[in-house]
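Enquirer: Just model-v7.txt, nothing more (compact mmCIF, C-alpha atoms and all ligand atoms):
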```txt
# COMPACT_ATOMS: atom_id res chain seq x y z
CA MET A 283 -83.00 -88.29 91.32
CA SER A 284 -79.24 -88.25 90.92
CA SER A 285 -77.74 -88.95 87.53
CA ALA A 286 -75.40 -91.69 88.75
CA VAL A 287 -74.65 -94.37 86.21
CA MET A 288 -76.63 -97.52 87.00
CA LEU A 289 -75.75 -99.74 84.06
CA GLN A 290 -72.68 -99.36 81.89
CA LEU A 291 -71.98 -101.36 78.73
CA SER A 292 -68.48 -101.12 77.26
CA GLY A 293 -67.78 -102.45 73.77
CA VAL A 294 -70.36 -105.23 74.01
CA THR A 295 -70.48 -107.58 71.00
CA LYS A 296 -72.61 -110.62 70.12
CA ARG A 297 -72.24 -112.74 66.98
CA PHE A 298 -74.55 -115.41 65.57
CA GLY A 299 -72.28 -117.25 63.14
CA GLY A 300 -71.16 -114.61 60.65
CA LEU A 301 -73.78 -112.08 61.73
CA VAL A 302 -72.71 -109.42 64.23
CA ALA A 303 -76.08 -108.80 65.92
CA VAL A 304 -74.64 -106.39 68.51
CA ASN A 305 -71.47 -104.67 67.43
CA ASN A 306 -69.21 -102.95 69.96
CA VAL A 307 -72.04 -101.19 71.84
CA SER A 308 -71.20 -98.84 74.67
CA LEU A 309 -73.97 -97.09 76.56
CA GLU A 310 -75.02 -95.92 80.00
CA VAL A 311 -78.31 -96.03 81.83
CA ARG A 312 -78.57 -93.43 84.59
CA GLN A 313 -80.36 -93.91 87.86
CA GLY A 314 -84.01 -92.81 87.64
CA GLU A 315 -84.24 -92.17 83.91
CA ILE A 316 -86.50 -93.57 81.21
CA LEU A 317 -84.32 -94.55 78.26
CA ALA A 318 -85.64 -95.79 74.89
CA VAL A 319 -83.73 -98.02 72.49
CA ILE A 320 -85.12 -97.74 68.96
CA GLY A 321 -84.04 -98.91 65.52
CA PRO A 322 -85.28 -100.79 62.44
CA ASN A 323 -86.22 -104.49 62.54
CA GLY A 324 -83.17 -106.67 63.08
CA ALA A 325 -81.09 -103.78 64.45
CA GLY A 326 -80.09 -105.86 67.48
CA LYS A 327 -82.34 -104.34 70.14
CA SER A 328 -83.74 -107.56 71.59
CA THR A 329 -80.30 -109.16 71.44
CA LEU A 330 -78.94 -106.23 73.43
CA LEU A 331 -81.59 -106.84 76.10
CA ASN A 332 -80.73 -110.55 76.07
CA LEU A 333 -77.11 -109.64 76.75
CA ILE A 334 -78.06 -107.26 79.58
CA SER A 335 -80.36 -109.77 81.25
CA GLY A 336 -77.77 -112.54 80.78
CA LEU A 337 -79.80 -114.80 78.51
CA TYR A 338 -76.91 -114.84 76.04
CA PRO A 339 -73.22 -114.61 76.93
CA THR A 340 -71.33 -111.72 75.31
CA ASP A 341 -68.54 -112.50 72.83
CA SER A 342 -66.58 -109.47 74.01
CA GLY A 343 -66.98 -106.32 76.05
CA SER A 344 -68.10 -105.84 79.63
CA MET A 345 -71.12 -104.78 81.67
CA ARG A 346 -71.32 -103.13 85.07
CA PHE A 347 -74.53 -102.84 87.07
CA LEU A 348 -74.67 -100.94 90.36
CA GLU A 349 -70.89 -100.91 90.73
CA ALA A 350 -70.48 -104.65 90.11
CA ASP A 351 -69.12 -106.43 87.04
CA ILE A 352 -72.00 -108.61 85.82
CA THR A 353 -70.47 -109.67 82.48
CA LEU A 354 -70.22 -113.33 83.49
CA LEU A 355 -73.21 -113.63 85.85
CA PRO A 356 -76.14 -115.96 84.99
CA PRO A 357 -79.63 -114.40 84.48
CA GLU A 358 -81.02 -115.28 87.93
CA GLN A 359 -78.11 -113.57 89.68
CA ARG A 360 -78.68 -110.46 87.60
CA ALA A 361 -82.37 -110.58 88.52
CA TRP A 362 -81.42 -110.89 92.18
CA ARG A 363 -79.24 -107.77 91.83
CA GLY A 364 -82.19 -105.83 90.41
CA LEU A 365 -82.37 -106.37 86.66
CA GLY A 366 -85.98 -107.16 85.65
CA ARG A 367 -87.02 -108.16 82.18
CA ALA A 368 -90.28 -108.18 80.18
CA PHE A 369 -90.22 -110.10 76.90
CA GLN A 370 -91.28 -109.12 73.37
CA ILE A 371 -93.10 -112.43 73.06
CA VAL A 372 -95.32 -112.88 76.09
CA GLN A 373 -95.32 -116.42 77.44
CA PRO A 374 -97.34 -116.73 80.64
CA PHE A 375 -98.37 -120.13 81.97
CA PRO A 376 -101.88 -120.19 80.39
CA GLU A 377 -103.58 -122.51 82.88
CA MET A 378 -102.26 -120.69 85.92
CA THR A 379 -104.09 -117.65 87.21
CA VAL A 380 -102.69 -114.15 86.94
CA ARG A 381 -101.80 -114.29 90.64
CA GLU A 382 -100.00 -117.62 90.26
CA ASN A 383 -98.06 -116.35 87.24
CA LEU A 384 -96.97 -113.34 89.26
CA LEU A 385 -95.87 -115.50 92.18
CA VAL A 386 -93.41 -117.18 89.82
CA GLY A 387 -91.92 -113.72 89.21
CA GLY A 388 -92.04 -113.03 92.95
CA ILE A 389 -89.76 -115.94 93.80
CA TYR A 390 -87.53 -115.88 90.68
CA GLY A 391 -83.89 -115.24 91.48
CA LYS A 392 -84.60 -114.88 95.22
CA PRO A 393 -83.58 -118.13 96.92
CA ARG A 394 -84.07 -116.68 100.39
CA THR A 395 -87.45 -114.99 99.95
CA SER A 396 -90.45 -116.26 101.91
CA MET A 397 -93.80 -117.06 100.29
CA LYS A 398 -95.33 -114.46 102.60
CA THR A 399 -93.06 -111.77 101.17
CA ALA A 400 -93.71 -112.97 97.61
CA HIS A 401 -97.50 -112.77 98.18
CA LYS A 402 -97.16 -109.23 99.52
CA VAL A 403 -95.12 -108.16 96.48
CA VAL A 404 -97.70 -109.73 94.15
CA GLU A 405 -100.53 -107.84 95.90
CA ASP A 406 -98.68 -104.53 95.48
CA VAL A 407 -97.98 -105.21 91.80
CA LEU A 408 -101.58 -106.30 91.11
CA ARG A 409 -102.72 -102.96 92.50
CA LEU A 410 -100.10 -100.89 90.65
CA THR A 411 -100.81 -102.51 87.28
CA GLY A 412 -104.61 -102.51 87.61
CA LEU A 413 -104.72 -106.31 87.31
CA GLU A 414 -106.46 -106.84 90.67
CA PRO A 415 -109.87 -107.69 89.11
CA LYS A 416 -108.14 -110.34 86.98
CA ALA A 417 -106.10 -111.93 89.80
CA GLU A 418 -108.00 -115.24 89.70
CA THR A 419 -108.40 -115.38 85.90
CA PRO A 420 -106.33 -117.99 84.03
CA ALA A 421 -103.65 -116.16 82.05
CA GLY A 422 -104.81 -117.92 78.86
CA GLU A 423 -108.10 -115.97 79.01
CA LEU A 424 -106.60 -112.48 79.06
CA THR A 425 -106.95 -109.88 76.30
CA LEU A 426 -103.79 -108.67 74.55
CA LEU A 427 -103.73 -105.49 76.67
CA GLU A 428 -104.05 -107.57 79.85
CA ASP A 429 -101.39 -109.98 78.58
CA LYS A 430 -98.95 -107.10 78.12
CA ARG A 431 -99.78 -105.84 81.61
CA LEU A 432 -99.19 -109.29 83.03
CA GLU A 433 -95.79 -109.45 81.34
CA MET A 434 -94.80 -106.11 82.83
CA ALA A 435 -96.28 -107.13 86.20
CA ARG A 436 -94.34 -110.41 86.17
CA ALA A 437 -91.11 -108.47 85.66
CA LEU A 438 -92.09 -106.01 88.44
CA CYS A 439 -92.61 -108.90 90.86
CA THR A 440 -88.89 -109.60 90.65
CA GLN A 441 -88.61 -106.14 92.32
CA PRO A 442 -86.26 -104.66 89.73
CA LYS A 443 -84.19 -101.55 90.18
CA LEU A 444 -83.83 -101.42 86.40
CA LEU A 445 -86.79 -102.64 84.36
CA LEU A 446 -86.08 -103.80 80.79
CA LEU A 447 -89.12 -103.72 78.50
CA ASP A 448 -89.11 -105.21 74.99
CA GLU A 449 -91.97 -103.84 72.88
CA VAL A 450 -94.54 -104.26 75.60
CA MET A 451 -96.93 -102.02 73.67
CA ALA A 452 -96.75 -103.78 70.28
CA GLY A 453 -100.20 -104.60 68.92
CA LEU A 454 -102.02 -102.28 71.29
CA ARG A 455 -104.49 -99.66 70.03
CA PRO A 456 -103.26 -96.06 70.45
CA ALA A 457 -105.48 -95.44 73.51
CA GLU A 458 -104.28 -98.69 75.10
CA ALA A 459 -100.66 -97.80 74.37
CA MET A 460 -101.15 -94.48 76.14
CA GLU A 461 -102.59 -96.32 79.16
CA ALA A 462 -99.44 -98.42 79.16
CA VAL A 463 -97.36 -95.22 78.96
CA GLU A 464 -99.08 -93.99 82.13
CA LEU A 465 -98.31 -97.30 83.81
CA VAL A 466 -94.61 -97.04 82.95
CA LYS A 467 -94.57 -93.48 84.32
CA LYS A 468 -96.15 -94.76 87.55
CA VAL A 469 -93.54 -97.50 87.76
CA ARG A 470 -90.75 -94.96 87.38
CA SER A 471 -92.34 -92.76 90.05
CA SER A 472 -92.12 -95.73 92.39
CA GLY A 473 -88.32 -95.55 92.03
CA VAL A 474 -87.63 -97.95 89.16
CA THR A 475 -85.31 -96.99 86.29
CA VAL A 476 -86.65 -98.02 82.88
CA LEU A 477 -84.96 -99.08 79.63
CA PHE A 478 -87.52 -99.81 76.92
CA ILE A 479 -87.49 -100.93 73.29
CA GLU A 480 -90.34 -99.58 71.21
CA HIS A 481 -91.38 -99.18 67.59
CA LEU A 482 -94.34 -96.88 68.29
CA MET A 483 -92.91 -93.39 67.95
CA PRO A 484 -95.75 -91.61 69.83
CA VAL A 485 -94.90 -93.83 72.79
CA VAL A 486 -91.19 -93.05 72.52
CA ARG A 487 -91.93 -89.34 72.34
CA ALA A 488 -94.29 -89.47 75.32
CA LEU A 489 -92.06 -91.56 77.55
CA ALA A 490 -88.36 -91.38 76.76
CA GLU A 491 -86.11 -88.78 78.33
CA ARG A 492 -83.24 -90.08 76.25
CA VAL A 493 -83.19 -92.18 73.09
CA VAL A 494 -80.48 -94.54 71.82
CA VAL A 495 -80.79 -95.48 68.13
CA MET A 496 -79.38 -98.79 66.83
CA ASP A 497 -78.85 -99.93 63.25
CA TYR A 498 -77.02 -103.07 62.10
CA GLY A 499 -75.96 -103.82 65.66
CA GLN A 500 -74.39 -100.43 66.31
CA VAL A 501 -75.44 -97.31 68.18
CA ILE A 502 -75.82 -94.65 65.47
CA ALA A 503 -77.30 -91.81 67.52
CA GLU A 504 -78.15 -90.84 71.08
CA GLY A 505 -79.98 -87.85 72.56
CA ARG A 506 -83.39 -86.36 73.26
CA TYR A 507 -86.26 -87.54 71.04
CA ASP A 508 -86.37 -84.34 68.97
CA GLU A 509 -82.59 -84.43 68.51
CA VAL A 510 -82.43 -88.01 67.21
CA ALA A 511 -85.55 -87.51 65.07
CA GLN A 512 -83.65 -84.78 63.20
CA ASN A 513 -80.48 -86.84 62.86
CA ALA A 514 -79.59 -87.61 59.21
CA LYS A 515 -78.22 -91.10 59.96
CA VAL A 516 -81.39 -91.99 61.86
CA ARG A 517 -83.64 -90.78 59.05
CA GLU A 518 -81.62 -92.81 56.57
CA ALA A 519 -81.81 -95.95 58.72
CA TYR A 520 -85.60 -95.75 58.76
CA LEU A 521 -86.08 -94.80 55.10
CA GLY A 522 -86.80 -97.56 52.63
CA ARG A 523 -87.08 -100.22 55.32
CA SER A 524 -90.18 -101.31 57.19
CA ALA A 525 -89.58 -100.11 60.73
N1 LIG A 601 -80.84 -116.62 68.59
C1 LIG A 601 -80.48 -116.13 67.39
N2 LIG A 601 -79.81 -116.90 66.49
C2 LIG A 601 -79.42 -116.40 65.28
N3 LIG A 601 -79.65 -115.13 64.89
C3 LIG A 601 -80.31 -114.33 65.75
C4 LIG A 601 -80.75 -114.77 67.03
N4 LIG A 601 -81.39 -113.75 67.65
C5 LIG A 601 -81.33 -112.71 66.80
N5 LIG A 601 -80.69 -113.05 65.66
C6 LIG A 601 -80.41 -112.15 64.53
O1 LIG A 601 -79.74 -111.02 65.05
C7 LIG A 601 -80.19 -109.83 64.41
C8 LIG A 601 -80.74 -108.88 65.47
O2 LIG A 601 -81.95 -109.44 65.95
P1 LIG A 601 -82.81 -108.77 67.14
O3 LIG A 601 -83.92 -109.71 67.45
O4 LIG A 601 -81.90 -108.40 68.24
O5 LIG A 601 -83.34 -107.46 66.42
P2 LIG A 601 -84.40 -106.39 66.93
O6 LIG A 601 -83.76 -105.05 66.78
O7 LIG A 601 -84.93 -106.76 68.25
O8 LIG A 601 -85.54 -106.54 65.81
P3 LIG A 601 -87.15 -106.38 65.94
O9 LIG A 601 -87.40 -104.91 65.91
O10 LIG A 601 -87.66 -107.04 64.69
O11 LIG A 601 -87.62 -107.04 67.20
C9 LIG A 601 -81.22 -110.25 63.39
O12 LIG A 601 -80.58 -110.35 62.12
C10 LIG A 601 -81.68 -111.60 63.88
O13 LIG A 601 -82.10 -112.42 62.81
MG MG A 602 -86.80 -107.27 68.95
```
Could I get this file's structure written as structure tokens?
Ligand SMILES: Nc1ncnc2c1ncn2[C@@H]1O[C@H](COP(=O)(O)OP(=O)(O)OP(=O)(O)O)[C@@H](O)[C@H]1O
Ligand SMILES: [Mg+2]
Expert:
Amino acid sequence: MSSAVMLQLSGVTKRFGGLVAVNNVSLEVRQGEILAVIGPNGAGKSTLLNLISGLYPTDSGSMRFLEADITLLPPEQRAWRGLGRAFQIVQPFPEMTVRENLLVGGIYGKPRTSMKTAHKVVEDVLRLTGLEPKAETPAGELTLLEDKRLEMARALCTQPKLLLLDEVMAGLRPAEAMEAVELVKKVRSSGVTVLFIEHLMPVVRALAERVVVMDYGQVIAEGRYDEVAQNAKVREAYLGRSA
């Protein structure tokens, strides 16, 4: 894989009233890498993902994705360009089957796709994520592990070039989290770049090639896992707060 820059954020800021949730953040995601964003609760991680996927407009700063300025694009146009997003709070349509939920992902942001193509994509993703045996099960009947898989699968059905994952392993038992780690590795091997937010440090250590640490809306450290784990500012950010 080349190390070309895929996504570039420059001085991105988001305020909620007086609170600066994301404060002048600049970072790069390189083609083919697995990048983790970590930080204490309320650090601004999910907000950052909301800015990247276009759910919230930025107050200032700019974003480039695959050579194009996406700062002002709506979410579906970002999805169409290859930004795929899995949410921290999983919200499938409970009465629809796993397959039907995935079809929604398969047509999202692709006005010109055919149902035949969408079905083919869904089949591939069902296989990749191990959800095939559950294809006809209503999403409301899934276990937490299966729910998390469905959320990742739904994002994969948008055929992302960059997959954004927000705590997709939260609540999983350690063995289940490691299964999910293997799935993310498989996804990356299929050519997808991954940016993930995670609180579980064993997962970050096992998966991330590079780690960006946020605190109070700002990037306070960046580097390999062992580098940031040694960083004094990072240790201070995690001490005395429930992270
Ligand atoms: N829609 C919103 N309206 C007002 N404030 C918000 C909104 N979304 C987030 N915030 C605030 O912005 C700050 C950053 O929140 P964010 O959800 O991005 O943190 P986080 O790093 O994802 O935290 P966690 O690890 O708990 O998921 C918090 O103080 C939060 O209360
Ligand atoms: Mg969050």
Enquirer: Give the answer as one residue: which of A:Thr353, A:Gly336, A:Asp341, A:Pro322 has the shortest atom-to-atom distance to Leu521 (chain A), using all atoms listed in the file?
Expert: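 Residue with the minimum atom-to-atom distance to Leu521 (chain A): A:Pro322.
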Enquirer: When distances are computed from all atoms listed in the file, which of A:Thr440, A:Thr411, A:Ser342, A:Asn513 shows the smallest separation from Ala462 (chain A)?
Expert: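 Using all atoms listed in the file, the shortest distance to Ala462 (chain A) belongs to A:Thr411.
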Enquirer: Using all atoms listed in the file, what does the table of region 404-425 of chain A residues within 7 Å of region 369-387 of chain A look like, with each row giving the shortest atom pair and its distance in Å to one decimal, sorted by chain and ascending number, as CSV?
Expert:
```
residue,atom,partner,partner_atom,distance
A:Val404,CA,A:Leu384,CA,6.1
A:Lys416,CA,A:Val380,CA,6.6
A:Ala417,CA,A:Val380,CA,5.0
A:Glu418,CA,A:Thr379,CA,5.2
A:Thr419,CA,A:Thr379,CA,5.0
A:Pro420,CA,A:Thr379,CA,3.9
A:Ala421,CA,A:Pro376,CA,4.7
A:Gly422,CA,A:Pro376,CA,4.0
```
Enquirer: Of the residues A:Ile352, A:Leu408, A:Val501, A:Met496, which is the one nearest to ligand MG 602 (chain A), using all atoms listed in the file?
Expert: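 Distance minimum relative to ligand MG 602 (chain A) lands on A:Met496.
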Enquirer: What does the structure give for the distance between CA of Tyr498 (chain A) and CA of Pro484 (chain A), in Å to one decimal?
Expert: 23.3 Å
Enquirer: Between A:Leu330, A:Ala400, A:Leu444, A:Val495, which one has atoms that come closest to ligand MG 602 (chain A), using all atoms listed in the file?
Expert: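 So, comparing all the options, the nearest one is A:Leu330.
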Enquirer: Excluding Thr329 (chain A) and any residue of its chain fewer than 4 positions from it, enumerate the residues within 8 Å of it, using all atoms listed in the file, and give them as a list in words.
Expert: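 Here the answer would be Lys296, Ala303, Val304 and Leu333 of chain A.
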Enquirer: Enumerate as a PDB file with C-alpha atoms, in the coordinates of the input the residues within 7 Å of ligand LIG 601 (chain A), counting only C-alpha atoms and all ligand atoms.
Expert:
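See pocket.pdb below for the written result:
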```pdb
ATOM      1  CA  PHE A 298     -74.550-115.410  65.570  1.00  0.00           C
ATOM      2  CA  LEU A 301     -73.780-112.080  61.730  1.00  0.00           C
ATOM      3  CA  ALA A 303     -76.080-108.800  65.920  1.00  0.00           C
ATOM      4  CA  GLY A 321     -84.040 -98.910  65.520  1.00  0.00           C
ATOM      5  CA  PRO A 322     -85.280-100.790  62.440  1.00  0.00           C
ATOM      6  CA  ASN A 323     -86.220-104.490  62.540  1.00  0.00           C
ATOM      7  CA  GLY A 324     -83.170-106.670  63.080  1.00  0.00           C
ATOM      8  CA  ALA A 325     -81.090-103.780  64.450  1.00  0.00           C
ATOM      9  CA  GLY A 326     -80.090-105.860  67.480  1.00  0.00           C
ATOM     10  CA  LYS A 327     -82.340-104.340  70.140  1.00  0.00           C
ATOM     11  CA  SER A 328     -83.740-107.560  71.590  1.00  0.00           C
ATOM     12  CA  THR A 329     -80.300-109.160  71.440  1.00  0.00           C
ATOM     13  CA  LEU A 330     -78.940-106.230  73.430  1.00  0.00           C
ATOM     14  CA  GLY A 499     -75.960-103.820  65.660  1.00  0.00           C
TER      15      GLY A 499
END
```
Enquirer: Pick the closest to ligand MG 602 (chain A) from A:His481, A:Arg506, A:Arg363, A:Arg492: which is it, counting only C-alpha atoms and all ligand atoms?
Expert: A:His481
Enquirer: So, counting all atoms listed in the file, which residue among A:Ala488, A:Val319, A:Val476, A:Met288 is closest to ligand MG 602 (chain A)?
Expert: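 Of all the options, A:Val319 lies closest to ligand MG 602 (chain A).
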Enquirer: Within 12 Å of Leu289 (chain A), counting only C-alpha atoms, which residues qualify if same-chain residues fewer than 2 places away don't, as a PyMOL selection string?
Expert: chain A and resi 285-287+291-292+308-315+317+334-335+344-353+360+363-365+443-446+475-477
Enquirer: Would you kindly return, as a ChimeraX atom specification, each protein, DNA or RNA residue with an atom no farther than 10 Å from any atom of Arg455 (chain A), considering all atoms listed in the file and excluding same-chain residues fewer than 5 positions away?
Expert: /A:427,460-461
Enquirer: Quick one: distance from atom MG of ligand MG 602 (chain A) to CA of Leu355 (chain A) in Å, one decimal?
Expert: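 It comes out at 22.6 Å.
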Enquirer: One decimal, Å: what's the distance from CA of Lys392 (chain A) over to CA of Glu358 (chain A), could you say?
Expert: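 Distance reported for this atom pair: 8.1 Å.
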Enquirer: I'd like the contact shell of Ile479 (chain A) - 7 Å cut-off, only C-alpha atoms, skipping same-chain residues fewer than 3 positions apart - returned as an MDAnalysis selection string.
Expert: chainID A and resid 318:320 327 447:449
Enquirer: Need the shell around Gly505 (chain A): protein/DNA/RNA residues with any atom at most 6 Å away, counting only C-alpha atoms. Skip same-chain ones fewer than 3 positions apart. Format as a VMD selection string?
Expert: chain A and resid 492 to 493 509 to 510
Enquirer: Selected residues, C-alpha atoms, written as a PDB file, in the coordinates of the input, please.
Expert:
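Saved to selection.pdb:
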```pdb
ATOM      1  CA  ARG A 492     -83.240 -90.080  76.250  1.00  0.00           C
ATOM      2  CA  VAL A 493     -83.190 -92.180  73.090  1.00  0.00           C
ATOM      3  CA  GLU A 509     -82.590 -84.430  68.510  1.00  0.00           C
ATOM      4  CA  VAL A 510     -82.430 -88.010  67.210  1.00  0.00           C
TER       5      VAL A 510
END
```
